[in-house]
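File shown: my_file28.tsv (TSV, C-alpha atoms).
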```
chain	number	residue	atom	x	y	z
A	149	MET	CA	-35.06	22.17	21.37
A	150	THR	CA	-33.38	24.87	23.45
A	151	PHE	CA	-29.63	25.20	22.94
A	152	ILE	CA	-27.79	26.25	26.10
A	153	ARG	CA	-24.22	27.47	25.61
A	154	PRO	CA	-21.94	26.40	28.48
A	155	ILE	CA	-19.41	28.78	29.99
A	156	LYS	CA	-16.30	28.93	27.85
A	157	THR	CA	-12.95	27.89	29.30
A	158	ILE	CA	-9.65	28.77	27.65
A	159	LYS	CA	-7.43	25.71	27.23
A	160	ARG	CA	-3.67	25.85	27.74
A	161	LEU	CA	-1.31	25.57	24.81
A	162	GLY	CA	0.46	22.46	23.52
A	163	SER	CA	-2.07	19.86	24.58
A	164	THR	CA	-3.40	16.79	22.77
A	165	LEU	CA	-6.83	15.76	24.04
A	166	ALA	CA	-9.20	12.88	23.28
A	167	TRP	CA	-12.74	11.86	24.13
A	168	GLY	CA	-15.43	9.45	22.98
A	169	ASN	CA	-15.19	5.67	22.67
A	170	ASN	CA	-11.98	4.02	23.89
A	171	LEU	CA	-12.96	0.35	23.67
A	172	HIS	CA	-10.04	-0.37	21.31
A	173	CYS	CA	-7.64	2.15	22.92
A	174	GLN	CA	-8.23	4.48	19.96
A	175	MET	CA	-8.06	7.51	22.25
A	176	GLY	CA	-4.45	6.75	23.19
A	177	ILE	CA	-4.96	7.05	26.94
A	178	GLY	CA	-4.46	3.39	27.79
A	179	PRO	CA	-7.16	0.88	28.76
A	180	ALA	CA	-9.20	3.45	30.63
A	181	SER	CA	-12.95	3.96	30.62
A	182	HIS	CA	-14.57	2.83	27.38
A	183	LEU	CA	-16.61	6.02	26.97
A	184	LEU	CA	-15.57	9.54	27.98
A	185	SER	CA	-17.80	12.52	27.28
A	186	LYS	CA	-15.18	15.19	28.09
A	187	PRO	CA	-11.68	15.69	26.65
A	188	VAL	CA	-8.77	14.20	28.59
A	189	PRO	CA	-5.01	14.55	27.89
A	190	VAL	CA	-3.22	12.01	25.73
A	191	LEU	CA	-0.21	11.95	28.03
A	192	LYS	CA	2.24	10.32	25.63
A	193	LEU	CA	1.72	13.15	23.14
A	194	GLN	CA	2.08	16.05	25.58
A	195	SER	CA	5.76	16.48	24.76
A	196	GLU	CA	5.15	16.21	20.99
A	197	LYS	CA	4.52	18.99	18.51
A	198	VAL	CA	1.57	17.58	16.60
A	199	ILE	CA	1.26	18.60	12.96
A	200	GLN	CA	-1.79	16.51	12.00
A	201	LEU	CA	-4.22	13.99	13.49
A	202	SER	CA	-6.22	11.32	11.67
A	203	ALA	CA	-8.64	8.69	12.96
A	204	GLY	CA	-10.04	5.45	11.55
A	205	VAL	CA	-12.81	3.32	12.98
A	206	THR	CA	-10.71	1.86	15.81
A	207	HIS	CA	-7.21	3.38	15.38
A	208	SER	CA	-5.59	6.81	15.30
A	209	VAL	CA	-2.39	8.32	13.89
A	210	ALA	CA	-0.51	11.53	14.65
A	211	LEU	CA	2.05	13.26	12.44
A	212	VAL	CA	4.56	14.87	14.80
A	213	ASP	CA	7.60	17.09	14.40
A	214	ARG	CA	10.76	15.31	15.53
A	215	LEU	CA	13.77	17.63	15.13
A	216	GLY	CA	12.31	19.19	12.02
A	217	LYS	CA	11.24	15.91	10.41
A	218	GLY	CA	7.74	14.50	10.24
A	219	ALA	CA	7.39	11.24	12.19
A	220	LEU	CA	4.35	9.02	12.72
A	221	MET	CA	2.85	7.83	16.00
A	222	SER	CA	-0.06	5.40	16.05
A	223	TRP	CA	-2.37	3.76	18.57
A	224	GLY	CA	-5.57	1.75	18.92
A	225	SER	CA	-6.58	-1.52	17.28
A	226	ASN	CA	-4.01	-3.25	15.09
A	227	TYR	CA	-6.17	-6.28	14.32
A	228	TYR	CA	-5.91	-5.63	10.58
A	229	GLY	CA	-2.44	-4.05	10.77
A	230	GLN	CA	-3.98	-0.57	10.46
A	231	ALA	CA	-1.99	0.89	13.38
A	232	GLY	CA	1.34	-0.15	11.85
A	233	TYR	CA	4.45	-1.99	12.95
A	234	VAL	CA	6.30	-1.25	16.19
A	235	PRO	CA	9.18	-3.78	16.60
A	236	GLU	CA	9.53	-3.08	20.32
A	237	LEU	CA	5.99	-4.44	20.86
A	238	LYS	CA	6.29	-7.84	19.18
A	239	GLY	CA	4.12	-10.75	20.19
A	240	GLY	CA	0.74	-11.18	21.80
A	241	ALA	CA	-1.31	-10.78	18.65
A	242	LEU	CA	-3.59	-13.04	16.70
A	243	THR	CA	-2.34	-14.51	13.43
A	244	VAL	CA	-5.14	-13.80	10.97
A	245	PHE	CA	-5.15	-13.46	7.15
A	246	GLY	CA	-1.39	-13.08	6.91
A	247	ILE	CA	-0.96	-10.90	9.99
A	248	GLY	CA	1.92	-12.53	11.83
A	249	GLU	CA	2.76	-12.85	15.47
A	250	ASP	CA	5.11	-9.86	15.17
A	251	ASP	CA	2.09	-7.54	15.27
A	252	SER	CA	0.62	-6.27	18.51
A	253	GLU	CA	-3.17	-6.48	18.54
A	254	PHE	CA	-3.55	-3.15	20.37
A	255	TYR	CA	-1.37	-0.14	21.01
A	256	GLU	CA	-2.76	1.28	24.24
A	257	THR	CA	-0.87	4.56	23.89
A	258	PRO	CA	0.83	6.33	20.95
A	259	GLU	CA	3.86	4.46	19.59
A	260	LEU	CA	6.48	5.62	17.09
A	261	LEU	CA	6.11	3.65	13.87
A	262	SER	CA	9.03	1.85	12.27
A	263	PHE	CA	9.89	1.76	8.56
A	264	ASN	CA	12.79	0.53	6.48
A	265	VAL	CA	14.16	3.80	5.06
A	266	GLU	CA	16.22	6.23	7.09
A	267	ASN	CA	15.80	10.02	7.11
A	268	VAL	CA	12.25	9.91	5.82
A	269	SER	CA	10.15	12.94	6.69
A	270	PHE	CA	6.35	12.66	6.40
A	271	THR	CA	4.14	15.61	5.49
A	272	LYS	CA	0.64	14.09	5.65
A	273	VAL	CA	-1.19	11.08	7.06
A	274	SER	CA	-4.71	9.88	6.24
A	275	THR	CA	-6.70	7.00	7.70
A	276	GLY	CA	-9.43	4.97	6.09
A	277	ASP	CA	-11.67	2.72	8.15
A	278	PHE	CA	-9.03	0.01	8.57
A	279	HIS	CA	-6.00	1.23	6.61
A	280	THR	CA	-3.60	4.17	6.60
A	281	LEU	CA	-1.66	6.25	4.05
A	282	ALA	CA	1.29	8.58	4.60
A	283	LEU	CA	3.04	11.00	2.23
A	284	THR	CA	6.71	11.98	2.51
A	285	GLU	CA	8.25	15.34	1.61
A	286	ASP	CA	9.77	13.59	-1.42
A	287	GLY	CA	6.31	12.60	-2.69
A	288	VAL	CA	6.50	8.90	-1.77
A	289	VAL	CA	3.22	7.31	-0.59
A	290	TYR	CA	3.29	4.57	2.08
A	291	SER	CA	0.33	2.32	2.89
A	292	TRP	CA	-0.52	-0.29	5.52
A	293	GLY	CA	-3.53	-1.98	7.09
A	294	ALA	CA	-6.37	-3.92	5.46
A	295	GLY	CA	-7.79	-3.98	1.96
A	296	LEU	CA	-6.23	-3.21	-1.40
A	297	LEU	CA	-3.21	-1.13	-0.45
A	298	GLY	CA	-2.06	-0.12	-3.92
A	299	ARG	CA	0.75	-2.66	-3.82
A	300	ASN	CA	-0.44	-5.38	-6.23
A	301	GLY	CA	-2.44	-7.75	-4.07
A	302	GLU	CA	-1.30	-7.17	-0.50
A	303	LEU	CA	-4.42	-7.54	1.62
A	304	TYR	CA	-3.25	-7.19	5.23
A	305	ASP	CA	0.08	-5.67	6.19
A	306	SER	CA	1.21	-3.78	9.29
A	307	GLU	CA	4.57	-2.78	7.80
A	308	LEU	CA	4.89	0.57	6.06
A	309	HIS	CA	5.84	0.08	2.41
A	310	PRO	CA	5.84	2.56	-0.49
A	311	ILE	CA	3.39	2.18	-3.37
A	312	PRO	CA	5.67	1.38	-6.33
A	313	THR	CA	3.65	2.79	-9.24
A	314	LEU	CA	3.22	6.17	-7.53
A	315	LYS	CA	7.00	6.60	-7.35
A	316	GLU	CA	6.84	7.45	-11.05
A	317	HIS	CA	4.78	10.58	-10.30
A	318	LYS	CA	4.93	13.76	-8.27
A	319	VAL	CA	2.32	13.16	-5.56
A	320	ILE	CA	1.19	16.36	-3.83
A	321	ASP	CA	-1.71	15.08	-1.71
A	322	ILE	CA	-3.32	11.86	-0.49
A	323	GLY	CA	-6.55	10.73	1.11
A	324	ALA	CA	-8.07	7.57	2.57
A	325	LYS	CA	-11.70	6.99	3.44
A	326	GLY	CA	-13.67	3.82	4.00
A	327	ASN	CA	-11.95	1.14	1.91
A	328	THR	CA	-10.76	3.56	-0.77
A	329	SER	CA	-7.62	5.66	-1.30
A	330	TYR	CA	-6.59	8.43	-3.67
A	331	ALA	CA	-3.51	10.45	-4.61
A	332	ILE	CA	-3.33	13.80	-6.41
A	333	ILE	CA	-0.64	13.79	-9.09
A	334	GLU	CA	0.94	16.94	-10.53
A	335	GLN	CA	2.82	17.14	-13.82
A	336	ASN	CA	3.82	20.47	-15.40
A	337	GLY	CA	1.30	22.25	-13.19
A	338	ILE	CA	-1.60	20.02	-14.27
A	339	LYS	CA	-3.21	17.76	-11.68
A	340	HIS	CA	-5.11	14.49	-11.92
A	341	ILE	CA	-6.40	11.96	-9.39
A	342	GLN	CA	-5.52	8.30	-9.03
A	343	ILE	CA	-7.76	5.93	-7.04
A	344	TRP	CA	-7.33	2.42	-5.70
A	345	GLY	CA	-9.14	0.02	-3.39
A	346	PHE	CA	-12.86	-0.68	-3.47
A	347	PHE	CA	-14.94	2.04	-5.11
A	348	ALA	CA	-18.21	2.23	-7.05
A	349	ASN	CA	-18.60	-1.56	-7.24
A	350	LYS	CA	-15.10	-1.74	-8.70
A	351	LYS	CA	-11.86	-3.12	-7.30
A	352	SER	CA	-8.39	-1.88	-8.11
A	353	LEU	CA	-5.14	-3.40	-6.92
A	354	LEU	CA	-3.10	-0.43	-8.13
A	355	PRO	CA	-3.67	3.33	-8.40
A	356	ILE	CA	-5.65	4.15	-11.57
A	357	PRO	CA	-6.39	7.61	-13.06
A	358	LEU	CA	-9.91	8.94	-12.52
A	359	LYS	CA	-11.76	9.20	-15.83
A	360	SER	CA	-15.10	10.27	-17.18
A	361	SER	CA	-16.28	9.62	-20.76
A	362	ASN	CA	-13.02	7.69	-21.26
A	363	SER	CA	-10.87	10.79	-20.62
A	364	ILE	CA	-8.60	11.46	-17.65
A	365	LEU	CA	-10.00	14.37	-15.64
A	366	LYS	CA	-7.47	17.18	-15.17
A	367	TRP	CA	-7.35	20.36	-13.11
A	368	ASN	CA	-5.22	23.47	-12.85
A	369	GLU	CA	-6.10	23.62	-9.16
A	370	ILE	CA	-7.88	21.28	-6.74
A	371	ILE	CA	-9.22	23.28	-3.80
A	372	SER	CA	-11.13	20.59	-1.92
A	373	ILE	CA	-11.79	16.89	-2.47
A	374	ASP	CA	-13.59	14.05	-0.70
A	375	ILE	CA	-14.40	10.46	-1.52
A	376	ALA	CA	-17.03	7.91	-0.50
A	377	ASN	CA	-17.44	4.28	-1.52
A	378	ASN	CA	-19.48	5.15	-4.62
A	379	SER	CA	-18.79	8.82	-5.28
A	380	ILE	CA	-16.09	11.44	-5.41
A	381	ALA	CA	-16.53	15.20	-5.11
A	382	ILE	CA	-13.94	17.68	-6.40
A	383	TYR	CA	-14.00	21.46	-6.11
A	384	GLY	CA	-11.39	23.10	-8.29
A	385	ILE	CA	-10.49	24.77	-11.56
A	386	SER	CA	-10.43	22.25	-14.40
A	387	ILE	CA	-8.14	22.76	-17.37
A	388	ASP	CA	-11.01	23.96	-19.57
A	389	GLN	CA	-12.41	26.43	-17.01
A	390	THR	CA	-11.33	29.75	-15.51
A	391	GLN	CA	-13.65	29.60	-12.48
A	392	PRO	CA	-13.90	26.92	-9.76
A	393	THR	CA	-16.29	24.06	-10.51
A	394	LEU	CA	-18.01	21.69	-8.09
A	395	MET	CA	-18.04	18.25	-9.69
A	396	VAL	CA	-19.54	15.03	-8.31
A	397	LEU	CA	-18.97	11.65	-9.97
A	398	GLU	CA	-21.15	8.80	-8.78
A	399	GLU	CA	-21.74	5.20	-9.83
A	400	GLY	CA	-23.52	2.30	-8.19
A	401	ASP	CA	-25.25	2.19	-4.82
A	402	TYR	CA	-23.97	3.62	-1.57
A	403	ASP	CA	-23.01	0.85	0.87
A	404	PRO	CA	-22.64	1.78	4.57
A	405	ALA	CA	-20.60	-1.33	5.44
A	406	TYR	CA	-18.08	-0.88	8.26
A	407	TYR	CA	-15.71	-3.79	7.71
A	408	PRO	CA	-12.75	-4.20	5.33
A	409	TYR	CA	-13.76	-5.20	1.85
A	410	CYS	CA	-11.25	-7.96	1.16
A	411	PRO	CA	-11.48	-11.08	-0.96
A	412	HIS	CA	-10.48	-14.32	0.68
A	413	TYR	CA	-6.72	-14.57	0.94
A	414	ASN	CA	-6.61	-17.41	-1.61
A	415	GLU	CA	-8.81	-15.43	-4.03
A	416	GLN	CA	-6.65	-12.39	-4.61
A	417	LEU	CA	-7.73	-10.14	-7.43
A	418	LYS	CA	-6.10	-10.78	-10.79
A	419	THR	CA	-7.05	-7.58	-12.56
A	420	THR	CA	-7.32	-3.86	-12.02
A	421	GLU	CA	-10.61	-2.26	-13.06
A	422	GLU	CA	-10.86	1.15	-14.69
A	423	PHE	CA	-12.47	4.07	-12.82
A	424	ASN	CA	-14.46	5.62	-15.66
A	425	LEU	CA	-17.35	7.31	-13.85
A	426	PRO	CA	-20.30	9.40	-15.00
A	427	ILE	CA	-20.46	13.02	-13.86
A	428	GLN	CA	-23.69	13.50	-11.91
A	429	TYR	CA	-23.22	17.15	-10.99
A	430	ASN	CA	-21.04	19.84	-12.55
A	431	HIS	CA	-21.81	23.35	-11.37
A	432	THR	CA	-19.57	26.36	-12.09
A	433	ASN	CA	-21.35	29.06	-10.06
A	434	ASN	CA	-19.63	28.15	-6.81
A	435	SER	CA	-16.84	30.72	-6.36
A	436	ASN	CA	-17.73	31.18	-2.69
A	437	LEU	CA	-17.19	27.55	-1.64
A	438	LYS	CA	-14.46	26.71	0.89
A	439	GLN	CA	-14.70	22.99	1.62
A	440	ILE	CA	-16.72	19.97	0.49
A	441	ALA	CA	-17.41	16.59	2.09
A	442	LEU	CA	-19.31	13.38	1.38
A	443	CYS	CA	-21.21	11.70	4.21
A	444	ASP	CA	-24.05	9.14	4.32
A	445	ASN	CA	-24.66	9.45	0.58
A	446	HIS	CA	-24.96	13.23	0.97
A	447	LEU	CA	-22.90	16.16	-0.27
A	448	LEU	CA	-21.99	18.77	2.34
A	449	VAL	CA	-20.67	22.17	1.31
A	450	LEU	CA	-19.03	24.83	3.48
A	451	ASP	CA	-19.10	28.27	1.88
A	452	GLY	CA	-16.98	31.35	2.50
A	453	ASP	CA	-19.67	32.83	4.75
A	454	GLY	CA	-19.33	29.94	7.18
A	455	LYS	CA	-22.59	28.19	6.31
A	456	ILE	CA	-22.96	24.46	5.68
A	457	SER	CA	-25.35	23.13	3.06
A	458	ILE	CA	-26.49	19.53	2.79
A	459	ASN	CA	-28.14	17.66	-0.06
A	460	ALA	CA	-28.66	14.03	-0.96
A	461	LEU	CA	-26.69	12.58	-3.84
A	462	GLY	CA	-28.96	11.78	-6.74
A	463	LYS	CA	-30.81	15.09	-6.21
A	464	LEU	CA	-27.96	17.41	-7.07
A	465	ASN	CA	-29.96	19.51	-9.50
A	466	ALA	CA	-31.23	21.46	-6.50
A	467	SER	CA	-29.60	24.83	-5.90
A	468	LEU	CA	-27.28	25.15	-2.94
A	469	GLU	CA	-29.55	27.77	-1.36
A	470	GLN	CA	-32.20	25.09	-0.81
A	471	PHE	CA	-29.99	22.93	1.40
A	472	LYS	CA	-30.47	22.67	5.15
A	473	SER	CA	-27.85	23.57	7.75
A	474	PRO	CA	-26.82	21.87	11.01
A	475	GLN	CA	-28.65	22.96	14.14
A	476	GLY	CA	-27.29	24.51	17.31
A	477	ILE	CA	-24.41	26.54	15.86
A	478	ASP	CA	-24.90	30.29	15.94
A	479	GLY	CA	-21.71	31.64	14.37
A	480	PRO	CA	-19.94	31.02	11.06
A	481	ILE	CA	-18.17	27.68	10.62
A	482	GLN	CA	-14.46	27.82	9.78
A	483	GLU	CA	-13.77	24.13	9.17
A	484	MET	CA	-15.43	20.72	9.30
A	485	LYS	CA	-14.36	17.08	9.46
A	486	PHE	CA	-16.38	13.89	9.28
A	487	GLY	CA	-15.68	10.41	10.57
A	488	ARG	CA	-17.79	7.34	9.89
A	489	ASN	CA	-20.48	8.37	12.37
A	490	SER	CA	-19.13	11.57	13.91
A	491	ALA	CA	-18.40	15.14	12.92
A	492	ILE	CA	-16.37	18.06	14.26
A	493	LEU	CA	-17.27	21.63	13.30
A	494	ILE	CA	-15.21	24.69	14.29
A	495	SER	CA	-16.98	28.02	14.83
A	496	ASN	CA	-15.36	31.06	16.45
A	497	ASN	CA	-12.77	28.78	18.09
A	498	ASP	CA	-15.58	26.68	19.59
A	499	ILE	CA	-15.56	22.93	18.93
A	500	PHE	CA	-18.93	21.37	18.16
A	501	THR	CA	-19.56	17.66	17.60
A	502	PHE	CA	-22.26	15.35	16.32
A	503	THR	CA	-22.34	11.59	16.93
A	504	ALA	CA	-24.80	9.27	15.19
A	505	ILE	CA	-26.21	5.87	16.09
A	506	PRO	CA	-26.42	4.41	12.59
A	507	PRO	CA	-28.28	1.37	11.32
A	508	VAL	CA	-25.61	-1.32	11.22
A	509	PRO	CA	-25.36	-3.79	8.33
A	510	PRO	CA	-24.70	-7.47	9.07
A	511	ALA	CA	-21.14	-8.73	9.35
A	512	PRO	CA	-19.68	-10.97	6.66
A	513	ALA	CA	-19.69	-14.67	7.49
A	514	GLY	CA	-16.93	-15.73	9.85
A	515	ASN	CA	-15.81	-12.20	10.79
A	516	TRP	CA	-16.03	-12.56	14.57
A	517	PHE	CA	-14.01	-9.39	15.16
A	518	TYR	CA	-16.53	-7.29	13.30
A	519	LYS	CA	-19.42	-9.06	15.06
A	520	SER	CA	-18.00	-8.29	18.51
A	521	PHE	CA	-17.21	-4.74	17.40
A	522	ILE	CA	-20.75	-4.12	16.21
A	523	GLU	CA	-22.23	-5.64	19.35
A	524	SER	CA	-20.22	-3.12	21.35
A	525	LYS	CA	-21.91	-0.32	19.36
A	526	ALA	CA	-25.44	-1.60	19.83
A	527	ASP	CA	-27.77	0.78	21.66
A	528	ASP	CA	-31.31	-0.56	21.91
A	529	SER	CA	-32.42	2.48	23.87
A	530	GLN	CA	-32.24	4.76	20.82
A	531	ASP	CA	-33.50	4.50	17.27
A	532	PRO	CA	-30.82	4.24	14.58
A	533	ARG	CA	-30.02	7.55	12.92
A	534	THR	CA	-27.44	8.47	10.29
A	535	LEU	CA	-24.98	11.29	10.81
A	536	VAL	CA	-26.71	13.56	8.31
A	537	ASP	CA	-30.07	12.91	9.99
A	538	THR	CA	-28.46	13.69	13.34
A	539	MET	CA	-27.01	16.97	12.06
A	540	THR	CA	-30.34	18.13	10.65
A	541	SER	CA	-32.57	17.05	13.55
A	542	THR	CA	-30.54	17.55	16.77
A	543	ASP	CA	-28.41	20.32	18.20
A	544	ALA	CA	-24.63	20.20	18.06
A	545	VAL	CA	-22.73	19.45	21.27
A	546	LEU	CA	-20.44	22.29	22.34
A	547	VAL	CA	-17.22	20.73	23.66
A	548	GLY	CA	-15.27	23.86	24.56
A	549	HIS	CA	-13.35	26.91	23.41
A	550	TYR	CA	-9.89	26.34	21.89
A	551	PRO	CA	-8.38	29.58	20.52
A	552	ASN	CA	-5.14	27.93	19.38
A	553	LEU	CA	-6.48	24.78	17.74
A	554	ASN	CA	-3.92	23.33	15.36
A	555	ALA	CA	-5.18	19.83	14.48
A	556	PHE	CA	-8.30	17.74	14.99
A	557	ALA	CA	-9.83	14.46	13.83
A	558	CYS	CA	-12.77	12.16	14.43
A	559	GLY	CA	-13.24	8.43	13.90
A	560	TRP	CA	-16.34	6.26	14.26
A	561	ASP	CA	-17.14	7.79	17.64
A	562	HIS	CA	-13.89	9.13	19.08
A	563	PHE	CA	-12.37	12.59	18.78
A	564	LEU	CA	-8.85	14.05	18.91
A	565	ILE	CA	-7.60	17.65	19.05
A	566	TYR	CA	-4.27	19.40	19.42
A	567	SER	CA	-4.14	22.96	20.70
A	568	LYS	CA	-0.84	24.86	20.67
```

Written form, structure tokens:
Amino acid sequence: MTFIRPIKTIKRLGSTLAWGNNLHCQMGIGPASHLLSKPVPVLKLQSEKVIQLSAGVTHSVALVDRLGKGALMSWGSNYYGQAGYVPELKGGALTVFGIGEDDSEFYETPELLSFNVENVSFTKVSTGDFHTLALTEDGVVYSWGAGLLGRNGELYDSELHPIPTLKEHKVIDIGAKGNTSYAIIEQNGIKHIQIWGFFANKKSLLPIPLKSSNSILKWNEIISIDIANNSIAIYGISIDQTQPTLMVLEEGDYDPAYYPYCPHYNEQLKTTEEFNLPIQYNHTNNSNLKQIALCDNHLLVLDGDGKISINALGKLNASLEQFKSPQGIDGPIQEMKFGRNSAILISNNDIFTFTAIPPVPPAPAGNWFYKSFIESKADDSQDPRTLVDTMTSTDAVLVGHYPNLNAFACGWDHFLIYSK
């Protein structure tokens, strides 16, 4: 396939742009066209200094600077409470699984989220498929949305509440992906990871330390981390090493489900299961690695030379040099991000994207929202293809040239960027 590079255009500073699928208003541009192939301004964010962007399956969140403090703005679907609570937009929503009539079903444009504590400043936000986490400068972790939120049995909640057990620790980083969440804890310079939600055929109401061989895994430094629903990859310097190690822990089968894993509301979980996982890959000769990611049951590695390597989990004895790289990108890659079925890669200030048409698993019984959502994704004109297959068999799409890119994110099939 011939790759034709379009003429580059320099974008103006201080602009938040979105493109892709807008069926659930996840682009933040109002109820406009459902599918846009080119970036358009998110008007309600044009006066905001955006620090970070994050995108779930059908919702998006921006961390913005408001007079020196980090505030949160959210938009898109709030069916499961994943977009959060905006008191000015009460009413008009469905009452499902404990979500009350005070929740708006959709936020068509970005809205400032409300919470119960004054003078809180957020430093990071991270979205799973249908839930969201946020970290304050004081190390407090807030959660909302669907699933196991780390708050002892809450299944669906649009209000931002702190996770009580994490208040006992110094939390320095957070992450949400799929139906799983994690926090990185630091004590006396030593770091460990706590996980909660649905992971590796286990379910945890509360954050639990990550273990292997019955011992809590500890690091002096964690450089890069990613999580999937049956595996976790960590690149860092463990307490018994002097060089960075790439470690992958995996248990159970990979499940590509795209709906919230939640028990019935009257069958809330009574126990918290331990995350004691076998190490499937532990390689120390990786001093040149920059970033790691998990996608479609594959490990993706970005090295310091700007090359991406891909290999299937379960075959991690192969050397990194044997992995394949994405097609259609000529220069070195500086950074990468992956959504459920989309990816953004940055190379020489160019933005490249991949979007997959994945095989879709059946919806759980009675989940009409998921059924209608999946039907909207159906495309009988093309064969299903995972994101990793797409990256290794088709050329990347060049979106444009953004020399002052400050933040970017991708969801199921929508994209967001902020350029200063």

>> Residues near Phe563 of chain A, anyone? I mean within 8 Å using only C-alpha atoms, not counting same-chain ones fewer than 2 positions away, as JSON, numbers by chain.
In response: {"A": [166, 167, 168, 175, 203, 556, 557, 558, 559, 561, 565]}

Taking a cut-off of 8 Å and counting all atoms listed in the file, can you build a table that, for each residue of segment 323-390 of chain A near segment 271-295 of chain A, reports the nearest atom pair and how far apart they are in Å (one decimal), sorted by chain then residue number, as JSON lines?
```
{"residue": "A:Gly323", "atom": "CA", "partner": "A:Ser274", "partner_atom": "CA", "distance": 5.5}
{"residue": "A:Ala324", "atom": "CA", "partner": "A:Gly276", "partner_atom": "CA", "distance": 4.6}
{"residue": "A:Lys325", "atom": "CA", "partner": "A:Gly276", "partner_atom": "CA", "distance": 4.0}
{"residue": "A:Gly326", "atom": "CA", "partner": "A:Asp277", "partner_atom": "CA", "distance": 4.7}
{"residue": "A:Asn327", "atom": "CA", "partner": "A:Gly276", "partner_atom": "CA", "distance": 6.2}
{"residue": "A:Thr328", "atom": "CA", "partner": "A:Gly276", "partner_atom": "CA", "distance": 7.1}
{"residue": "A:Ser329", "atom": "CA", "partner": "A:Gly276", "partner_atom": "CA", "distance": 7.6}
{"residue": "A:Gly345", "atom": "CA", "partner": "A:Gly295", "partner_atom": "CA", "distance": 6.8}
```

Could you produce a table of the residues of segment 340-392 of chain A lying within 10 Å of segment 301-318 of chain A, with the nearest pair of atoms per residue and their separation in Å rounded to one decimal, using only C-alpha atoms, ordered by chain and increasing residue number, as a tab-separated table?
```
residue	atom	partner	partner_atom	distance
A:Gln342	CA	A:Leu314	CA	9.1
A:Ser352	CA	A:Gly301	CA	9.3
A:Leu353	CA	A:Gly301	CA	5.9
A:Leu354	CA	A:Thr313	CA	7.6
A:Pro355	CA	A:Thr313	CA	7.4
A:Ile356	CA	A:Thr313	CA	9.7
```

>> Would you compute the distance between atom CA of Asn489 of chain A and atom CA of Ile375 of chain A? Give it in Å to one decimal.
In response: 15.3 Å

>> Need to verify the contact set: Pro357 of chain A, 9 Å, only C-alpha atoms, exclusion of same-chain residues closer than 2 positions in sequence. Can you return it as an MDAnalysis selection string?
In response: chainID A and resid 340:343 355 359 364:365 422:424

>> Using all atoms listed in the file, can you tell me which of A:His562, A:Ser490, A:Ala460, A:Glu253 comes closest to Leu184 of chain A?
In response: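 The answer is A:His562, which sits nearest to Leu184 of chain A.
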